[in-house]
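A.B. asks: Structure: work14.txt, compact mmCIF, N, CA and C atoms and all ligand atoms.
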# COMPACT_ATOMS: atom_id res chain seq x y z
N MET A 30 91.70 -157.17 -78.91
CA MET A 30 92.14 -155.79 -79.05
C MET A 30 91.43 -155.12 -80.22
N LYS A 31 91.18 -153.83 -80.09
CA LYS A 31 90.50 -153.08 -81.14
C LYS A 31 91.42 -152.95 -82.37
N LYS A 32 90.78 -153.01 -83.54
CA LYS A 32 91.57 -152.87 -84.77
C LYS A 32 92.27 -151.52 -84.84
N THR A 33 91.67 -150.50 -84.23
CA THR A 33 92.25 -149.16 -84.30
C THR A 33 93.57 -149.07 -83.53
N LEU A 34 93.82 -150.06 -82.66
CA LEU A 34 95.06 -150.06 -81.87
C LEU A 34 96.27 -150.51 -82.69
N ILE A 35 96.01 -151.23 -83.77
CA ILE A 35 97.09 -151.88 -84.51
C ILE A 35 98.18 -150.88 -84.90
N ASP A 36 97.77 -149.73 -85.43
CA ASP A 36 98.74 -148.76 -85.92
C ASP A 36 99.54 -148.11 -84.80
N LYS A 37 99.03 -148.19 -83.57
CA LYS A 37 99.70 -147.52 -82.45
C LYS A 37 100.76 -148.38 -81.80
N LEU A 38 100.75 -149.68 -82.09
CA LEU A 38 101.69 -150.57 -81.44
C LEU A 38 103.01 -150.62 -82.21
N CYS A 39 104.11 -150.76 -81.45
CA CYS A 39 105.40 -150.97 -82.08
C CYS A 39 106.17 -152.00 -81.25
N CYS A 40 107.28 -152.45 -81.80
CA CYS A 40 108.10 -153.46 -81.13
C CYS A 40 108.65 -152.89 -79.83
N PRO A 41 108.43 -153.56 -78.68
CA PRO A 41 108.93 -153.04 -77.40
C PRO A 41 110.46 -153.05 -77.31
N MET A 42 111.12 -153.84 -78.14
CA MET A 42 112.58 -153.91 -78.07
C MET A 42 113.26 -152.80 -78.87
N ASP A 43 112.73 -152.48 -80.04
CA ASP A 43 113.40 -151.48 -80.88
C ASP A 43 112.47 -150.38 -81.41
N LYS A 44 111.19 -150.44 -80.99
CA LYS A 44 110.20 -149.41 -81.37
C LYS A 44 109.93 -149.32 -82.87
N LYS A 45 110.21 -150.40 -83.59
CA LYS A 45 109.96 -150.39 -85.02
C LYS A 45 108.54 -150.88 -85.34
N ALA A 46 108.16 -150.74 -86.59
CA ALA A 46 106.80 -151.11 -87.01
C ALA A 46 106.58 -152.62 -86.95
N LEU A 47 105.31 -152.98 -86.74
CA LEU A 47 104.94 -154.39 -86.67
C LEU A 47 104.00 -154.74 -87.81
N GLN A 48 104.13 -155.99 -88.28
CA GLN A 48 103.16 -156.52 -89.24
C GLN A 48 102.24 -157.46 -88.48
N LEU A 49 100.97 -157.49 -88.86
CA LEU A 49 100.02 -158.35 -88.16
C LEU A 49 99.41 -159.37 -89.11
N ARG A 50 99.47 -160.62 -88.69
CA ARG A 50 98.69 -161.68 -89.33
C ARG A 50 97.51 -161.98 -88.43
N ILE A 51 96.31 -161.99 -88.98
CA ILE A 51 95.11 -162.19 -88.18
C ILE A 51 94.59 -163.62 -88.39
N PHE A 52 94.36 -164.31 -87.28
CA PHE A 52 93.85 -165.68 -87.37
C PHE A 52 92.38 -165.76 -86.96
N LYS A 53 91.95 -164.86 -86.09
CA LYS A 53 90.57 -164.89 -85.62
C LYS A 53 90.16 -163.47 -85.26
N LYS A 54 88.98 -163.05 -85.75
CA LYS A 54 88.54 -161.69 -85.44
C LYS A 54 87.02 -161.62 -85.53
N ASP A 55 86.46 -160.57 -84.93
CA ASP A 55 85.07 -160.26 -85.20
C ASP A 55 85.00 -158.85 -85.78
N ASP A 56 83.85 -158.21 -85.74
CA ASP A 56 83.70 -156.94 -86.44
C ASP A 56 84.67 -155.86 -85.98
N GLU A 57 84.93 -155.81 -84.68
CA GLU A 57 85.73 -154.71 -84.15
C GLU A 57 87.06 -155.13 -83.54
N GLU A 58 87.17 -156.41 -83.19
CA GLU A 58 88.31 -156.83 -82.40
C GLU A 58 89.12 -157.93 -83.09
N ILE A 59 90.43 -157.86 -82.86
CA ILE A 59 91.30 -158.97 -83.22
C ILE A 59 91.31 -159.92 -82.03
N ILE A 60 90.92 -161.16 -82.24
CA ILE A 60 90.89 -162.13 -81.14
C ILE A 60 92.22 -162.89 -81.07
N GLU A 61 92.68 -163.34 -82.24
CA GLU A 61 93.94 -164.06 -82.28
C GLU A 61 94.75 -163.58 -83.49
N GLY A 62 96.02 -163.37 -83.27
CA GLY A 62 96.87 -162.93 -84.37
C GLY A 62 98.32 -162.95 -83.96
N LEU A 63 99.17 -162.57 -84.89
CA LEU A 63 100.59 -162.58 -84.60
C LEU A 63 101.25 -161.34 -85.21
N PHE A 64 101.81 -160.52 -84.33
CA PHE A 64 102.62 -159.38 -84.78
C PHE A 64 104.03 -159.86 -85.04
N THR A 65 104.62 -159.33 -86.09
CA THR A 65 106.04 -159.61 -86.36
C THR A 65 106.74 -158.27 -86.55
N CYS A 66 107.89 -158.11 -85.90
CA CYS A 66 108.66 -156.87 -86.03
C CYS A 66 109.40 -156.87 -87.36
N THR A 67 109.26 -155.77 -88.10
CA THR A 67 109.91 -155.69 -89.41
C THR A 67 111.42 -155.48 -89.27
N GLU A 68 111.87 -155.12 -88.07
CA GLU A 68 113.29 -154.85 -87.86
C GLU A 68 114.04 -156.06 -87.30
N CYS A 69 113.61 -156.55 -86.13
CA CYS A 69 114.38 -157.59 -85.44
C CYS A 69 113.81 -158.99 -85.67
N GLY A 70 112.60 -159.10 -86.22
CA GLY A 70 112.04 -160.41 -86.50
C GLY A 70 111.36 -161.07 -85.32
N ARG A 71 111.28 -160.39 -84.20
CA ARG A 71 110.56 -160.97 -83.06
C ARG A 71 109.06 -161.07 -83.37
N TYR A 72 108.42 -162.03 -82.70
CA TYR A 72 106.98 -162.17 -82.84
C TYR A 72 106.29 -161.88 -81.52
N TYR A 73 105.06 -161.39 -81.62
CA TYR A 73 104.24 -161.06 -80.45
C TYR A 73 102.83 -161.54 -80.70
N PRO A 74 102.40 -162.61 -80.04
CA PRO A 74 101.06 -163.14 -80.30
C PRO A 74 99.95 -162.28 -79.70
N VAL A 75 98.80 -162.32 -80.34
CA VAL A 75 97.57 -161.75 -79.77
C VAL A 75 96.72 -162.95 -79.36
N VAL A 76 96.44 -163.06 -78.07
CA VAL A 76 95.73 -164.23 -77.54
C VAL A 76 94.53 -163.75 -76.73
N HIS A 77 93.36 -164.33 -77.00
CA HIS A 77 92.13 -163.91 -76.33
C HIS A 77 91.94 -162.40 -76.40
N GLY A 78 92.35 -161.80 -77.52
CA GLY A 78 92.16 -160.37 -77.71
C GLY A 78 93.23 -159.50 -77.08
N LEU A 79 94.24 -160.11 -76.44
CA LEU A 79 95.28 -159.32 -75.77
C LEU A 79 96.63 -159.50 -76.47
N PRO A 80 97.23 -158.39 -76.90
CA PRO A 80 98.57 -158.50 -77.48
C PRO A 80 99.62 -158.71 -76.39
N ILE A 81 100.49 -159.69 -76.58
CA ILE A 81 101.56 -159.96 -75.62
C ILE A 81 102.79 -159.18 -76.08
N MET A 82 102.92 -157.97 -75.52
CA MET A 82 103.99 -157.05 -75.97
C MET A 82 105.03 -156.89 -74.87
N THR A 83 105.57 -157.99 -74.38
CA THR A 83 106.52 -157.93 -73.28
C THR A 83 107.93 -158.18 -73.80
N PRO A 84 108.92 -157.56 -73.15
CA PRO A 84 110.31 -157.83 -73.53
C PRO A 84 110.66 -159.30 -73.31
N ASP A 85 111.67 -159.77 -74.03
CA ASP A 85 112.06 -161.18 -73.99
C ASP A 85 112.15 -161.75 -72.58
N GLU A 86 112.77 -161.01 -71.66
CA GLU A 86 113.07 -161.59 -70.36
C GLU A 86 111.83 -161.90 -69.52
N TYR A 87 110.69 -161.35 -69.90
CA TYR A 87 109.46 -161.63 -69.15
C TYR A 87 108.53 -162.59 -69.87
N ARG A 88 109.02 -163.17 -70.97
CA ARG A 88 108.17 -164.08 -71.74
C ARG A 88 108.54 -165.52 -71.45
N GLU A 89 107.57 -166.40 -71.70
CA GLU A 89 107.73 -167.81 -71.39
C GLU A 89 107.47 -168.60 -72.68
N LYS A 90 108.54 -169.14 -73.25
CA LYS A 90 108.39 -169.84 -74.52
C LYS A 90 107.43 -171.01 -74.44
N ALA A 91 107.51 -171.75 -73.35
CA ALA A 91 106.68 -172.95 -73.20
C ALA A 91 105.20 -172.60 -73.22
N LEU A 92 104.86 -171.38 -72.77
CA LEU A 92 103.46 -170.98 -72.75
C LEU A 92 102.99 -170.55 -74.13
N GLU A 93 103.90 -170.00 -74.93
CA GLU A 93 103.50 -169.45 -76.21
C GLU A 93 103.54 -170.46 -77.35
N GLU A 94 104.38 -171.47 -77.22
CA GLU A 94 104.56 -172.38 -78.34
C GLU A 94 103.32 -173.15 -78.76
N PRO A 95 102.53 -173.64 -77.78
CA PRO A 95 101.30 -174.34 -78.20
C PRO A 95 100.37 -173.45 -79.02
N ILE A 96 100.35 -172.16 -78.71
CA ILE A 96 99.50 -171.23 -79.45
C ILE A 96 100.00 -171.09 -80.88
N LEU A 97 101.31 -170.90 -81.02
CA LEU A 97 101.89 -170.75 -82.35
C LEU A 97 101.72 -172.02 -83.17
N ASN A 98 101.90 -173.16 -82.51
CA ASN A 98 101.74 -174.43 -83.21
C ASN A 98 100.32 -174.59 -83.74
N LYS A 99 99.37 -174.13 -82.96
CA LYS A 99 97.97 -174.21 -83.37
C LYS A 99 97.74 -173.43 -84.67
N TRP A 100 98.49 -172.34 -84.84
CA TRP A 100 98.37 -171.52 -86.05
C TRP A 100 99.25 -172.05 -87.19
N GLY A 101 99.96 -173.15 -86.91
CA GLY A 101 100.83 -173.71 -87.93
C GLY A 101 102.13 -172.95 -88.11
N ILE A 102 102.60 -172.30 -87.02
CA ILE A 102 103.83 -171.51 -87.09
C ILE A 102 104.88 -172.15 -86.21
N ALA A 103 106.08 -172.32 -86.77
CA ALA A 103 107.17 -172.91 -86.02
C ALA A 103 108.21 -171.85 -85.70
N PRO A 104 108.33 -171.47 -84.42
CA PRO A 104 109.35 -170.48 -84.06
C PRO A 104 110.76 -171.05 -84.20
N ARG A 105 111.73 -170.18 -84.31
CA ARG A 105 113.13 -170.58 -84.42
C ARG A 105 113.63 -170.98 -83.03
N HIS A 106 114.36 -172.05 -82.93
CA HIS A 106 114.77 -172.55 -81.62
C HIS A 106 116.23 -172.29 -81.29
N LYS A 107 116.96 -171.74 -82.24
CA LYS A 107 118.41 -171.61 -82.06
C LYS A 107 118.77 -170.86 -80.79
N ASP A 108 118.15 -169.74 -80.57
CA ASP A 108 118.45 -168.93 -79.39
C ASP A 108 117.24 -168.94 -78.47
N PRO A 109 117.34 -169.68 -77.34
CA PRO A 109 116.17 -169.84 -76.47
C PRO A 109 115.74 -168.54 -75.80
N LYS A 110 116.61 -167.53 -75.80
CA LYS A 110 116.25 -166.28 -75.13
C LYS A 110 115.55 -165.29 -76.05
N ARG A 111 115.50 -165.62 -77.35
CA ARG A 111 114.88 -164.68 -78.26
C ARG A 111 113.64 -165.28 -78.88
N PHE A 112 112.76 -164.42 -79.30
CA PHE A 112 111.47 -164.86 -79.81
C PHE A 112 111.37 -164.51 -81.29
N LEU A 113 112.01 -165.36 -82.09
CA LEU A 113 112.10 -165.09 -83.53
C LEU A 113 111.33 -166.14 -84.31
N LEU A 114 110.80 -165.71 -85.44
CA LEU A 114 110.11 -166.66 -86.30
C LEU A 114 111.11 -167.34 -87.23
N GLU A 115 110.73 -168.52 -87.67
CA GLU A 115 111.53 -169.23 -88.67
C GLU A 115 111.61 -168.38 -89.92
N GLY A 116 112.82 -168.18 -90.44
CA GLY A 116 113.06 -167.32 -91.58
C GLY A 116 112.05 -167.49 -92.65
ZN ZN B 1 111.82 -155.41 -83.06
Using the file provided, produce a representation of the structure as structure tokens.

C.D. replies:
Amino acid sequence: MKKTLIDKLCCPMDKKALQLRIFKKDDEEIIEGLFTCTECGRYYPVVHGLPIMTPDEYREKALEEPILNKWGIAPRHKDPKRFLLEG
């Protein structure tokens, strides 16, 4: 995704601002990264240049966890229906 898109994205659940951690990028594009909502704490990975900005019910934890683990991030497991980062 283009770096200029970052400021235009917000949390799909509550429309609040997102923080981005970048793990891989080139001159113009974010290749891999992780958005975190400043309000609800949900995370949204950027994989192969595509931000995964889908509501909880359409996401698949099993598909996302290997990616997060690769970045050294452990999601919270308490509520399997929510996509929250470890405090
Ligand atoms: Zn949120």

A.B. asks: What is the atom N of Arg71 (chain A) to CA of Phe112 (chain A) distance in Å?

C.D. replies: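 Those two atoms sit 6.3 Å apart.
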
A.B. asks: Let me see if you get this right: every residue at most 5 Å from ligand ZN 1 (chain B), counting all atoms listed in the file, written as number ranges by chain.

C.D. replies: A: 40, 43, 66, 68-70

A.B. asks: Taking (114.3, -165.9, -87.3) in the file's own coordinates, collect the residues within 12 Å, counting only C-alpha atoms, and hand them back as a list in words.

C.D. replies: Thr65, Cys66, Thr67, Glu68, Cys69, Gly70, Arg71, Tyr72, Ile102, Ala103, Pro104, Arg105, His106, Lys107, Asp108, Pro109, Arg111, Phe112, Leu113, Leu114, Glu115 and Gly116 of chain A

A.B. asks: Just the number, please: distance in Å from CA of Thr33 (chain A) to CA of Gly78 (chain A), one decimal.

C.D. replies: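 Atom-to-atom, CA of Thr33 (chain A) to CA of Gly78 (chain A), that is 13.0 Å.
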
A.B. asks: May I ask for the distance between CA of Glu93 (chain A) and CA of Asp36 (chain A), given in Å to one decimal place?

C.D. replies: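 If I compute the distance from CA of Glu93 (chain A) to CA of Asp36 (chain A), I get 23.3 Å.
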
A.B. asks: Taking only N, CA and C atoms into account, name the residue in A:Asp56, A:Leu63, A:Pro74, A:Thr83 that is nearest to Lys32 (chain A).

C.D. replies: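 The shortest atom-to-atom distance to Lys32 (chain A) comes from A:Asp56.
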
A.B. asks: Counting only C-alpha atoms, which residue out of A:Met42, A:Lys90, A:Lys99, A:Lys54 sits closest to His77 (chain A)?

C.D. replies: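 Among the listed residues, the smallest separation from His77 (chain A) belongs to A:Lys54.
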
A.B. asks: If DSSP is run on the backbone, what residues of chain A are strand (DSSP E or B)? A reply as a ChimeraX atom specification would be ideal.

C.D. replies: /A:31,47-54,58-66,71-76,79-80,104,113-114

A.B. asks: With only C-alpha atoms as the atoms that count, which of A:Ile81, A:Val76, A:Ile96, A:Ala91 lies nearest to Leu38 (chain A)?

C.D. replies: A:Ile81

A.B. asks: Using only C-alpha atoms, which of the listed residues (A:Phe64, A:Met30, A:Leu79, A:Arg88) sits closest to Lys45 (chain A)?

C.D. replies: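 Comparing A:Phe64, A:Met30, A:Leu79, A:Arg88 against Lys45 (chain A), the winner is A:Phe64.
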
A.B. asks: Restricting the calculation to only C-alpha atoms: of A:Pro95, A:Gly101, A:Gly62, A:Pro80, which residue gets closest to Cys39 (chain A)?

C.D. replies: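 That would be A:Pro80, the residue with the smallest distance to Cys39 (chain A).
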
A.B. asks: Considering only N, CA and C atoms, can you say which of A:Leu97, A:Val75, A:Leu47, A:Met82 comes closest to Glu61 (chain A)?

C.D. replies: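 Answer, going by the shortest atom-to-atom distance: A:Val75.
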